[in-house]
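Q: Have a look at this one.
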Amino acid sequence: MVTMVTELKKQMLAQTHVKIENLSVRYNGTQALQNIELEIPRNQITVILGPSGCGKSTLLKSMNRFLELTEGTAIEGNVYVDGMDIYQADVDVTRVRNKVGLLAQRPYPLPMSIYDNVAFGLRIHGKDRNAKLDDLVQHYLELAGLWEEIKDRLHEPASGLSIGQQQRLCLARGLSVEPEIILGDEPTSALDPISARHIEKCLQSLKSQYTIILVTHILRQARRLADYVVFMYLGKLVEQGPAEQFFNHPREELTRAYLEGEI
């Protein structure tokens, strides 16, 4: 019996990709997050949901140490990725950010060709040495759902792409360094509905290979994408759980009020 319980605990641990313990964040003394306790499942789409200003993006950026790029930020608590506390003093920050990629609200393609945007990360990390660079570039553009649209334009400037295509190019560039986790900070908020659906479909197709964590304040999008939901309000984690349970049987009154549009 003891052996069975131990094995079950091991399986549960293996399913958790990111674990956050007692995380609090302040910006110049102002509380942004308070005592967050959270476990994010592996190879699912987790959506961080809540109204504007509730701490969603702060929570997201705690997972790749982007918070410390903002002056006056104080961070307390622990963030574990694959069991490693990423805020320990001896942790290589570059390694963390390679492992946990970020797709921002607006696309920022590099001022170079479409091809070189994807090849850039491959070259920096030496991943072009043992395989043909052309094949790798094509592979990541295919993963981002962009290859068929631009395969005859690879050496044109990336700035000539539509904003939706630029966002998928940025996704391909991020995937080229082989992260384990993809963070998305409202990655479709600057896009038209058709382009937004392209990004959503890409993310849904990628979740079998990556853990995906998205911030949104759009309930319809959360319902479409989420396997797991984290609901934030005023810097606190109110409720978390599988999407079906969260949307159909919320435990907290504050969650019900949010889902019904009262707050």
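Each chain in the structure tokens gets a letter, A, B, ..., in the order shown, and its residues are numbered from 1; ligands are numbered from 1 in order too.
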Would you give me, as CSV, each residue of segment 144-246 of chain A having an atom within 8 Å of an atom of segment 52-70 of chain A, along with its shortest atom pair and that distance in Å to one decimal, using only C-alpha atoms and sorting by chain and residue number?

A:
```
residue,atom,partner,partner_atom,distance
A:Leu183,CA,A:Leu60,CA,7.0
A:Asp185,CA,A:Ser57,CA,6.4
A:Ile213,CA,A:Leu60,CA,7.7
A:Leu214,CA,A:Leu60,CA,7.9
A:Val215,CA,A:Lys56,CA,6.2
A:His217,CA,A:Ser52,CA,7.0
A:Met232,CA,A:Cys54,CA,6.0
A:Tyr233,CA,A:Cys54,CA,4.9
A:Leu234,CA,A:Cys54,CA,4.4
A:Gly235,CA,A:Gly55,CA,4.9
A:Lys236,CA,A:Cys54,CA,7.7
```

Q: At a cut-off of 10 Å, using only C-alpha atoms, what residues contact Gln167 of chain A? Leave out same-chain residues fewer than 4 positions from it and give the result as a PyMOL selection string.

A: chain A and resi 103-109+144+146+161-163+171-173+187-188+190-191+195-196+198-199

Q: When you count only C-alpha atoms, which of these residues is closest to Leu122 of chain A: A:Met84, A:Leu143, A:Val177, A:Val96?

A: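 Of A:Met84, A:Leu143, A:Val177, A:Val96, the one nearest Leu122 of chain A, counting only C-alpha atoms, is A:Val177.
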
Q: Enumerate the residues of segment 4-246 of chain A with a DSSP assignment of strand (DSSP E), computed from the backbone, and present them as number ranges by chain.

A: A: 16-27, 30-41, 45-49, 73-81, 84-85, 100-103, 181-185, 211-216, 228-233, 236-242

Q: Name the residues in contact with Gly29 of chain A at a cut-off of 12 Å, using only C-alpha atoms, excluding same-chain residues fewer than 4 positions from it; report them as an MDAnalysis selection string.

A: chainID A and resid 24:25 33 71:75

Q: Let's have the selection written as a PDB file, in the first residue's frame, with C-alpha atoms.

A:
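This is the output file result-v9.pdb:
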```pdb
ATOM      1  CA  SER A  24       4.549  37.942  -3.440  1.00  0.00           C
ATOM      2  CA  VAL A  25       5.632  40.802  -5.715  1.00  0.00           C
ATOM      3  CA  LEU A  33       0.865  39.746  -6.056  1.00  0.00           C
ATOM      4  CA  GLU A  71      13.393  48.636 -11.568  1.00  0.00           C
ATOM      5  CA  GLY A  72      12.007  48.683  -8.044  1.00  0.00           C
ATOM      6  CA  THR A  73      10.601  45.142  -8.173  1.00  0.00           C
ATOM      7  CA  ALA A  74      10.764  43.048  -4.989  1.00  0.00           C
ATOM      8  CA  ILE A  75      10.059  39.318  -5.247  1.00  0.00           C
TER       9      ILE A  75
END
```

Q: Need to verify the contact set: Gln245 of chain A, 12 Å, only C-alpha atoms, exclusion of same-chain residues closer than 6 positions in sequence. Can you return it as a list in words?

A: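 Once the adjacent positions are removed, what remains is Arg223, Ala226, Asp227, Tyr228, Val229, Val230, Glu239, Arg251, Glu252, Thr255 and Arg256 of chain A.
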
Q: Okay, now the selection with C-alpha atoms, as a PDB file, in the first residue's frame?

A:
```pdb
ATOM      1  CA  ARG A 223     -13.368  28.914 -22.841  1.00  0.00           C
ATOM      2  CA  ALA A 226      -8.145  26.437 -21.579  1.00  0.00           C
ATOM      3  CA  ASP A 227      -7.490  22.994 -20.174  1.00  0.00           C
ATOM      4  CA  TYR A 228      -6.720  24.547 -16.787  1.00  0.00           C
ATOM      5  CA  VAL A 229      -7.718  27.974 -15.437  1.00  0.00           C
ATOM      6  CA  VAL A 230      -6.200  30.317 -12.868  1.00  0.00           C
ATOM      7  CA  GLU A 239      -9.541  29.920  -7.790  1.00  0.00           C
ATOM      8  CA  ARG A 251     -16.306  27.041  -6.111  1.00  0.00           C
ATOM      9  CA  GLU A 252     -15.896  30.699  -5.176  1.00  0.00           C
ATOM     10  CA  THR A 255     -15.484  33.506  -9.571  1.00  0.00           C
ATOM     11  CA  ARG A 256     -19.198  33.126 -10.227  1.00  0.00           C
TER      12      ARG A 256
END
```

Q: So which bits of segment 31-179 of chain A end up helix (DSSP H, G or I) when you DSSP the backbone, as an MDAnalysis selection string?

A: chainID A and resid 56:61 67:69 93:99 114:124 133:143 147:150 158:160 163:175

Q: The selected residues should be written to file as a short mmCIF file (atom, residue, chain, number, x, y, z; two decimals), in the first residue's frame (atoms: C-alpha atoms).

A:
```
data_model
loop_
_atom_site.label_atom_id
_atom_site.label_comp_id
_atom_site.auth_asym_id
_atom_site.auth_seq_id
_atom_site.Cartn_x
_atom_site.Cartn_y
_atom_site.Cartn_z
CA LYS A 56 -2.05 38.35 -14.47
CA SER A 57 0.99 39.58 -16.41
CA THR A 58 3.04 39.91 -13.23
CA LEU A 59 2.31 36.28 -12.39
CA LEU A 60 3.17 35.19 -15.93
CA LYS A 61 6.50 37.03 -16.02
CA LEU A 67 10.02 40.74 -13.52
CA GLU A 68 13.49 41.66 -12.37
CA LEU A 69 13.99 43.73 -15.54
CA VAL A 93 19.00 33.31 -16.03
CA THR A 94 19.69 32.86 -19.75
CA ARG A 95 19.00 29.15 -19.40
CA VAL A 96 15.72 29.89 -17.64
CA ARG A 97 14.59 32.26 -20.41
CA ASN A 98 15.52 29.74 -23.10
CA LYS A 99 13.50 27.10 -21.29
CA ILE A 114 11.76 36.22 -42.55
CA TYR A 115 14.31 33.41 -42.88
CA ASP A 116 16.92 35.13 -40.70
CA ASN A 117 14.38 35.85 -37.96
CA VAL A 118 14.03 32.11 -37.39
CA ALA A 119 17.67 31.27 -38.14
CA PHE A 120 18.89 33.89 -35.64
CA GLY A 121 18.14 31.82 -32.55
CA LEU A 122 19.37 28.64 -34.19
CA ARG A 123 22.72 30.21 -34.99
CA ILE A 124 23.20 31.73 -31.53
CA LEU A 133 19.56 25.21 -41.47
CA ASP A 134 16.99 25.39 -44.27
CA ASP A 135 15.23 22.30 -42.92
CA LEU A 136 15.16 23.67 -39.37
CA VAL A 137 13.78 27.04 -40.47
CA GLN A 138 11.04 25.28 -42.43
CA HIS A 139 10.25 23.02 -39.44
CA TYR A 140 9.66 25.90 -37.03
CA LEU A 141 7.68 27.92 -39.57
CA GLU A 142 5.48 24.86 -40.06
CA LEU A 143 5.01 24.50 -36.30
CA TRP A 147 5.23 28.02 -43.86
CA GLU A 148 2.65 27.67 -46.65
CA GLU A 149 1.93 31.40 -46.62
CA ILE A 150 5.52 32.63 -46.85
CA ALA A 158 9.86 40.41 -42.00
CA SER A 159 8.39 43.91 -41.66
CA GLY A 160 6.43 43.25 -44.88
CA ILE A 163 0.73 41.83 -38.03
CA GLY A 164 -0.85 38.39 -37.61
CA GLN A 165 1.88 36.79 -39.69
CA GLN A 166 4.51 38.70 -37.71
CA GLN A 167 3.12 37.25 -34.49
CA ARG A 168 3.35 33.72 -35.88
CA LEU A 169 6.90 34.49 -37.07
CA CYS A 170 7.78 35.55 -33.51
CA LEU A 171 6.28 32.28 -32.30
CA ALA A 172 8.45 30.34 -34.79
CA ARG A 173 11.52 32.29 -33.66
CA GLY A 174 10.74 31.48 -30.03
CA LEU A 175 10.21 27.80 -30.78
#
```

Q: Smallest atom-to-atom distance to Glu178 of chain A: which of A:Asp192, A:Gly83, A:Phe247, A:Gly101, using only C-alpha atoms?

A: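 The closest residue to Glu178 of chain A is A:Gly101.
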
Q: Would you compute the distance between atom CA of Glu200 of chain A and atom CA of Gln221 of chain A? Give it in Å to one decimal.

A: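 Rounded to one decimal, the two atoms are 8.6 Å apart.
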
Q: Excluding Ile263 of chain A and any residue of its chain fewer than 4 positions from it, enumerate the residues within 9 Å of it, using only C-alpha atoms, and give them as a ChimeraX atom specification.

A: /A:51,254,257-259

Q: Find the spatial neighbours of segment 206-212 of chain A, counting only C-alpha atoms, within a cut-off of 8 Å - ignore same-chain residues fewer than 3 positions away - and output them as a list of chain:residue names.

A: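 Counting only C-alpha atoms, the residues come to A:His17, A:Pro41, A:Arg42, A:Asn43, A:Gln44, A:Ile45, A:Thr46, A:Leu143, A:Pro179, A:Glu180, A:Ile181, A:Ile182, A:Leu183, A:Gly184, A:Cys202, A:Leu203.
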
Q: How about saving the chosen residues, N, CA and C atoms kept, as a PDB file, in the first residue's frame?

A:
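Wrote it out as result_12.pdb, contents follow:
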```pdb
ATOM      1  N   HIS A  17       4.428  21.005 -14.056  1.00  0.00           N
ATOM      2  CA  HIS A  17       5.602  21.559 -14.749  1.00  0.00           C
ATOM      3  C   HIS A  17       6.141  22.798 -14.030  1.00  0.00           C
ATOM      4  N   PRO A  41      -0.100  22.378 -14.765  1.00  0.00           N
ATOM      5  CA  PRO A  41       0.111  21.047 -15.346  1.00  0.00           C
ATOM      6  C   PRO A  41       0.934  21.082 -16.636  1.00  0.00           C
ATOM      7  N   ARG A  42       1.637  20.004 -16.870  1.00  0.00           N
ATOM      8  CA  ARG A  42       2.480  19.840 -18.052  1.00  0.00           C
ATOM      9  C   ARG A  42       1.621  19.523 -19.290  1.00  0.00           C
ATOM     10  N   ASN A  43       2.059  20.041 -20.452  1.00  0.00           N
ATOM     11  CA  ASN A  43       1.439  19.720 -21.740  1.00  0.00           C
ATOM     12  C   ASN A  43      -0.067  19.985 -21.774  1.00  0.00           C
ATOM     13  N   GLN A  44      -0.431  21.092 -21.159  1.00  0.00           N
ATOM     14  CA  GLN A  44      -1.800  21.595 -21.254  1.00  0.00           C
ATOM     15  C   GLN A  44      -1.725  23.095 -21.502  1.00  0.00           C
ATOM     16  N   ILE A  45      -2.873  23.664 -21.891  1.00  0.00           N
ATOM     17  CA  ILE A  45      -2.973  25.123 -21.980  1.00  0.00           C
ATOM     18  C   ILE A  45      -3.602  25.623 -20.685  1.00  0.00           C
ATOM     19  N   THR A  46      -2.810  26.349 -19.919  1.00  0.00           N
ATOM     20  CA  THR A  46      -3.306  26.990 -18.700  1.00  0.00           C
ATOM     21  C   THR A  46      -3.579  28.447 -19.011  1.00  0.00           C
ATOM     22  N   LEU A 143       5.596  24.595 -37.638  1.00  0.00           N
ATOM     23  CA  LEU A 143       5.006  24.504 -36.299  1.00  0.00           C
ATOM     24  C   LEU A 143       4.149  25.726 -35.982  1.00  0.00           C
ATOM     25  N   PRO A 179      12.146  25.815 -26.326  1.00  0.00           N
ATOM     26  CA  PRO A 179      11.720  25.950 -24.927  1.00  0.00           C
ATOM     27  C   PRO A 179      10.853  24.763 -24.524  1.00  0.00           C
ATOM     28  N   GLU A 180      10.660  24.602 -23.231  1.00  0.00           N
ATOM     29  CA  GLU A 180       9.723  23.599 -22.736  1.00  0.00           C
ATOM     30  C   GLU A 180       8.363  24.234 -22.478  1.00  0.00           C
ATOM     31  N   ILE A 181       8.393  25.540 -22.175  1.00  0.00           N
ATOM     32  CA  ILE A 181       7.184  26.260 -21.779  1.00  0.00           C
ATOM     33  C   ILE A 181       7.048  27.503 -22.647  1.00  0.00           C
ATOM     34  N   ILE A 182       5.827  27.772 -23.112  1.00  0.00           N
ATOM     35  CA  ILE A 182       5.535  28.985 -23.877  1.00  0.00           C
ATOM     36  C   ILE A 182       4.597  29.850 -23.043  1.00  0.00           C
ATOM     37  N   LEU A 183       5.048  31.060 -22.723  1.00  0.00           N
ATOM     38  CA  LEU A 183       4.212  32.036 -22.044  1.00  0.00           C
ATOM     39  C   LEU A 183       3.618  32.976 -23.088  1.00  0.00           C
ATOM     40  N   GLY A 184       2.342  33.270 -22.987  1.00  0.00           N
ATOM     41  CA  GLY A 184       1.693  34.210 -23.908  1.00  0.00           C
ATOM     42  C   GLY A 184       0.992  35.302 -23.133  1.00  0.00           C
ATOM     43  N   CYS A 202      -2.618  27.395 -33.633  1.00  0.00           N
ATOM     44  CA  CYS A 202      -1.216  27.010 -33.462  1.00  0.00           C
ATOM     45  C   CYS A 202      -0.953  26.540 -32.041  1.00  0.00           C
ATOM     46  N   LEU A 203      -1.437  27.313 -31.078  1.00  0.00           N
ATOM     47  CA  LEU A 203      -1.196  26.969 -29.679  1.00  0.00           C
ATOM     48  C   LEU A 203      -1.855  25.646 -29.316  1.00  0.00           C
TER      49      LEU A 203
END
```

Q: Select, from A:Leu225, A:Gly77, A:Leu102, A:Leu219, the residue with the minimum atom-to-atom distance to Leu49 of chain A, counting only C-alpha atoms.

A: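 Closest residue, counting only C-alpha atoms: A:Leu219.
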
Q: For a test of reading the model, state the distance in Å between atom CA of Ile48 of chain A and atom CA of Arg220 of chain A, rounded to one decimal.

A: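 Those two atoms sit 13.2 Å apart.
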
Q: Please, what distance in Å, to one decimal, runs between atom CA of Leu38 of chain A and atom CA of Phe246 of chain A?

A: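 Taking atom CA of Leu38 of chain A and atom CA of Phe246 of chain A, their separation equals 15.0 Å.
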